[in-house]
Protein chains: 2
Amino acid sequence: MKFVDKESDMSGIKDVAKKAGVSISTVSNVLNGRKNVGKETRERVLNICKELNYYPNSAGRALKSGKSNVLLFNFGDFDRSFYLKIIHGISDCVNDYDYDLAIITEKSCEKFMRSNMSAGSIVLDEKIPDELLISVASRKYPIVVLDRKIDNPNIKSVIIDNYNPMKKLVQGLVDKGYKKFAFIAGPEHTLDTIERYKAFRDVLELNAIEFSENYYYAGNYREKSGYLAAKIFILSQELPEVFVCANDNMALGAIKALEENGHRVPQDVAVTGFDNEQSAQIMGLTTVDIPKYELGFIAAKYLIEYIKGKKQMHDILVEAKVIWRETTPDRK
Amino acid sequence: MKFVDKESDMSGIKDVAKKAGVSISTVSNVLNGRKNVGKETRERVLNICKELNYYPNSAGRALKSGKSNVLLFNFGDFDRSFYLKIIHGISDCVNDYDYDLAIITEKSCEKFMRSNMSAGSIVLDEKIPDELLISVASRKYPIVVLDRKIDNPNIKSVIIDNYNPMKKLVQGLVDKGYKKFAFIAGPEHTLDTIERYKAFRDVLELNAIEFSENYYYAGNYREKSGYLAAKIFILSQELPEVFVCANDNMALGAIKALEENGHRVPQDVAVTGFDNEQSAQIMGLTTVDIPKYELGFIAAKYLIEYIKGKKQMHDILVEAKVIWRETTPDRK
DNA sequence: TTGTAAGCGTTATCAA
DNA sequence: TTGATAACGCTTACAA
């Protein structure tokens, strides 16, 4: 078979106009659903668009009108399958409202956000600095940040309630008879780690249970850092009765390290996570379930409503709840 | 605190030019690294760019030059954490070559591909029809498809070798003494399912092992369909000795169904998967490891090289290999 | 109801 | 070494 490489079978608005025997502006009017076009003309134009496979050049459009139906979602951690669910929720919502979604990474985030190609952003990656978001956000370009707070009227937050479920989780452990805790944290500047840890400390204090900083380890949410943390505890000092981990991945790593070193979970040591990822389910890990899909959906909906002009919007708090499983048996 | 909503603190090339006391074209020349600018002018302009937080508007740029540094990656299945790894590989490669990546879903795929905002696409979602890809692909807009073949000079394939590892896997099972097989397939029109199944049948035939179509079940790669498949086998007929599943998710589902019904894995029934997802690792599931990160990286590199003008490119075959774990003990 | 023309922010050509 | 200007594809007053 022989293929001819058509230099470009892409037709522009001009081609459509010419073929339809109308002016460019008429075509534009048809495409933008303006009322000032005759029914017959409208149909003819529409048909020809189909026929020529015409799609508006987004650069031209963005340049002129500054408008766009594209929403950006930025994320950065490829290790948490977590994010796929959030994306799913965002994607479904965005489609419901007839917007388009482009998912981008930190590297290109600024470029995309500044390029007029989108109408707003949902930002998850903590690596994107506050300053960038503040400099980019405006009433015409609102931003929704996940699990983060930025003091700016055009940057809204959708936040997971970390504090209350973690409090319940730890109180539950206390009630089960646990007395000696270790905490494996995520990156220390992130809102979620701060809150999860605060809840942990508050409950211990409330129950007059002693906690030494020696039993605190700052990880990075990766499985490896949980592994490392547990390993360090194993090698250097007495084991706690329970590892409270700031997410499931690290809990998994901790379990791995424990079992490799002959400590049975949960008979010898208990472990808890946070997120309720698939792996937690499989392992029977006690954790906190975050409604990921819903989180994405809500964030997208929120952004779209704000873009459409809704006022008086306050930050949203998404509830999460404890899931008790096998890694935390009664200790009494 | 009171915020003034600056209509736009975005400064354009004009602002830079004015403030620097030069013409627009000079600024453009500086920014594009042209040699025809005095050293002193260049530095002044550069400083002012920083000062004003100037960022070239990519819409304007794209419009004029018709060029773009954006690559599209399309995917559609939010259930396989698998894809996150592929995205990771693509993202890293794209960044290495100073391109930008936008990840998009089926819904907006055509719009984005036809809107001139990108220089090429990597397509994974089987739901995108061949015809669309063919109509969009050209020497100026090449496409790389994953796990799929399309007969067009500007659509290149990066394919996972499904056949050989599946052959090895099944032969291994035969060698271990398994004689009674069931196969849980993915969507029937997909290249990977076809090949995985073919390898399965070929090995059985080679070893003169009988296989009845009753032991074939067409799933959809979701955990639920594996669950359902196993359930059906459990309810309706004799169990096989081993479930060969076309991916890990379905294997997981099958295991769940089996255990819920009192059949122990692997003592009573063996199970294998494909993909080597995190869950497979945790479960001790025998499977085939696909180098996901590398797959993404290779696909992106391939696309970029083609965009940059490399000729004579042939499809790429990515190797995968069997990982033996606990779900398939010797049966002798 | 339709068409004309200006202009969006950039790059590229050519003249100064 | 610089600057004026046309052009990219589109939208949108405004004129017809």
# chains A, B, ... in the order shown; residues from 1 in each chain; ligands from 1
>>> interface_residues(of="chain C", to="chain A", cutoff="9 Å", atoms="only C-alpha atoms (C1' of nucleotides)", output="PyMOL selection string")
chain C and resi 1-3+7-9
>>> interface_residues(of="chain D", to="chain B", cutoff="8 Å", atoms="only C-alpha atoms (C1' of nucleotides)", output="NGL selection string")
:D and (1-3 or 7-9)
>>> interface_residues(of="chain A", to="chain B", cutoff="8 Å", atoms="only C-alpha atoms", output="PyMOL selection string")
chain A and resi 3+5-8+10+55-60+62-63+78-79+81+84-85+87-88+91+95+100-105+107-108+111+114-117+135-136+138-140+152-153+278-279+282-283
>>> calpha_fit_rmsd(fixed="chain B", moving="chain A")
0.8 Å
>>> residues_around(residues="C:DA6", least_positions_apart="5", cutoff="12 Å", atoms="only C-alpha atoms (C1' of nucleotides)", output="ChimeraX atom specification")
/A:64 /D:11-14
>>> select_by_dssp(residues="stretch 77-244 of chain A", states="strand (DSSP E)", output="PyMOL selection string")
chain A and resi 100-104+120-123+143-146+155-160+181-185+216-218+242-244
>>> select_by_dssp(residues="stretch 59-224 of chain B", states="alpha helix (DSSP H)", output="ChimeraX atom specification")
/B:59-65,82-96,106-114,130-136,163-175,191-206,223-224
>>> write_last_selection(atoms="C-alpha atoms", output="CSV table (one decimal), in the first residue's frame")
chain,number,residue,atom,x,y,z
B,59,ALA,CA,-1.0,31.0,22.6
B,60,GLY,CA,0.5,33.8,20.7
B,61,ARG,CA,3.6,31.9,20.1
B,62,ALA,CA,1.8,28.8,18.9
B,63,LEU,CA,-0.4,30.8,16.7
B,64,LYS,CA,2.4,32.5,15.0
B,65,SER,CA,4.9,29.7,14.7
B,82,PHE,CA,-0.3,0.6,36.2
B,83,TYR,CA,-0.9,3.7,34.3
B,84,LEU,CA,0.6,5.9,36.9
B,85,LYS,CA,4.0,4.3,36.2
B,86,ILE,CA,3.7,4.7,32.5
B,87,ILE,CA,2.8,8.3,33.0
B,88,HIS,CA,5.9,8.6,35.2
B,89,GLY,CA,8.1,7.3,32.5
B,90,ILE,CA,6.6,9.5,29.8
B,91,SER,CA,6.8,12.5,32.1
B,92,ASP,CA,10.4,12.0,32.8
B,93,CYS,CA,11.4,11.6,29.2
B,94,VAL,CA,9.3,14.5,28.0
B,95,ASN,CA,11.0,16.7,30.6
B,96,ASP,CA,14.4,15.4,29.6
B,106,GLU,CA,-11.0,10.1,25.6
B,107,LYS,CA,-13.7,12.7,25.8
B,108,SER,CA,-11.4,15.6,24.9
B,109,CYS,CA,-9.0,13.7,22.9
B,110,GLU,CA,-10.1,14.7,19.4
B,111,LYS,CA,-10.5,18.3,20.3
B,112,PHE,CA,-7.0,18.5,21.7
B,113,MET,CA,-5.4,16.6,18.9
B,114,ARG,CA,-7.0,18.7,16.3
B,130,ASP,CA,-8.4,3.9,14.6
B,131,GLU,CA,-10.2,6.2,12.1
B,132,LEU,CA,-9.7,9.2,14.3
B,133,LEU,CA,-6.0,8.5,14.7
B,134,ILE,CA,-5.5,8.0,11.0
B,135,SER,CA,-7.3,11.2,10.1
B,136,VAL,CA,-5.2,13.2,12.6
B,163,TYR,CA,3.2,-13.7,23.7
B,164,ASN,CA,6.5,-15.0,24.8
B,165,PRO,CA,6.2,-14.4,28.6
B,166,MET,CA,2.7,-15.9,28.6
B,167,LYS,CA,4.1,-18.9,26.8
B,168,LYS,CA,6.8,-19.2,29.4
B,169,LEU,CA,4.3,-18.8,32.2
B,170,VAL,CA,2.0,-21.5,30.9
B,171,GLN,CA,4.7,-23.9,30.0
B,172,GLY,CA,6.0,-23.4,33.5
B,173,LEU,CA,2.7,-24.3,34.9
B,174,VAL,CA,2.6,-27.4,32.8
B,175,ASP,CA,6.1,-28.3,34.0
B,191,LEU,CA,-4.2,-6.9,21.0
B,192,ASP,CA,-2.8,-7.9,24.4
B,193,THR,CA,-5.7,-10.2,25.3
B,194,ILE,CA,-5.5,-11.8,21.9
B,195,GLU,CA,-1.8,-12.5,22.2
B,196,ARG,CA,-2.0,-13.6,25.8
B,197,TYR,CA,-4.7,-16.0,25.0
B,198,LYS,CA,-3.0,-17.3,21.9
B,199,ALA,CA,0.1,-18.1,23.8
B,200,PHE,CA,-2.0,-19.9,26.4
B,201,ARG,CA,-3.6,-22.1,23.8
B,202,ASP,CA,-0.5,-22.7,21.9
B,203,VAL,CA,1.3,-24.1,24.9
B,204,LEU,CA,-1.6,-26.3,25.8
B,205,GLU,CA,-1.7,-27.7,22.3
B,206,LEU,CA,2.0,-28.2,22.3
B,223,GLU,CA,-11.2,-6.8,39.6
B,224,LYS,CA,-15.0,-7.4,39.6
>>> atom_distance(atom1="atom CA of B:Leu228", atom2="atom CA of B:Ile255")
10.7 Å
>>> closest_residue(among="B:Asn29, B:Ser121, B:Asn276, B:Thr190", to="B:Ile13", atoms="only C-alpha atoms")
B:Asn29
>>> residues_around(residues="A:Val45", least_positions_apart="5", cutoff="8 Å", atoms="only C-alpha atoms (C1' of nucleotides)", output="JSON, numbers by chain")
{"A": [16, 17, 20, 27, 30]}
>>> write_last_selection(atoms="N, CA and C atoms", output="short mmCIF file (atom, residue, chain, number, x, y, z; two decimals), in the first residue's frame")
data_model
loop_
_atom_site.label_atom_id
_atom_site.label_comp_id
_atom_site.auth_asym_id
_atom_site.auth_seq_id
_atom_site.Cartn_x
_atom_site.Cartn_y
_atom_site.Cartn_z
N VAL A 16 -13.63 26.50 5.63
CA VAL A 16 -15.05 26.29 5.87
C VAL A 16 -15.86 27.43 5.27
N ALA A 17 -15.42 28.65 5.54
CA ALA A 17 -16.14 29.82 5.04
C ALA A 17 -16.23 29.80 3.52
N ALA A 20 -18.53 27.13 2.23
CA ALA A 20 -19.93 27.39 2.55
C ALA A 20 -20.43 28.65 1.86
N VAL A 27 -19.11 31.90 10.10
CA VAL A 27 -18.71 30.59 10.60
C VAL A 27 -18.44 30.67 12.10
N VAL A 30 -21.64 30.85 14.02
CA VAL A 30 -22.30 29.55 14.10
C VAL A 30 -21.63 28.71 15.19
#
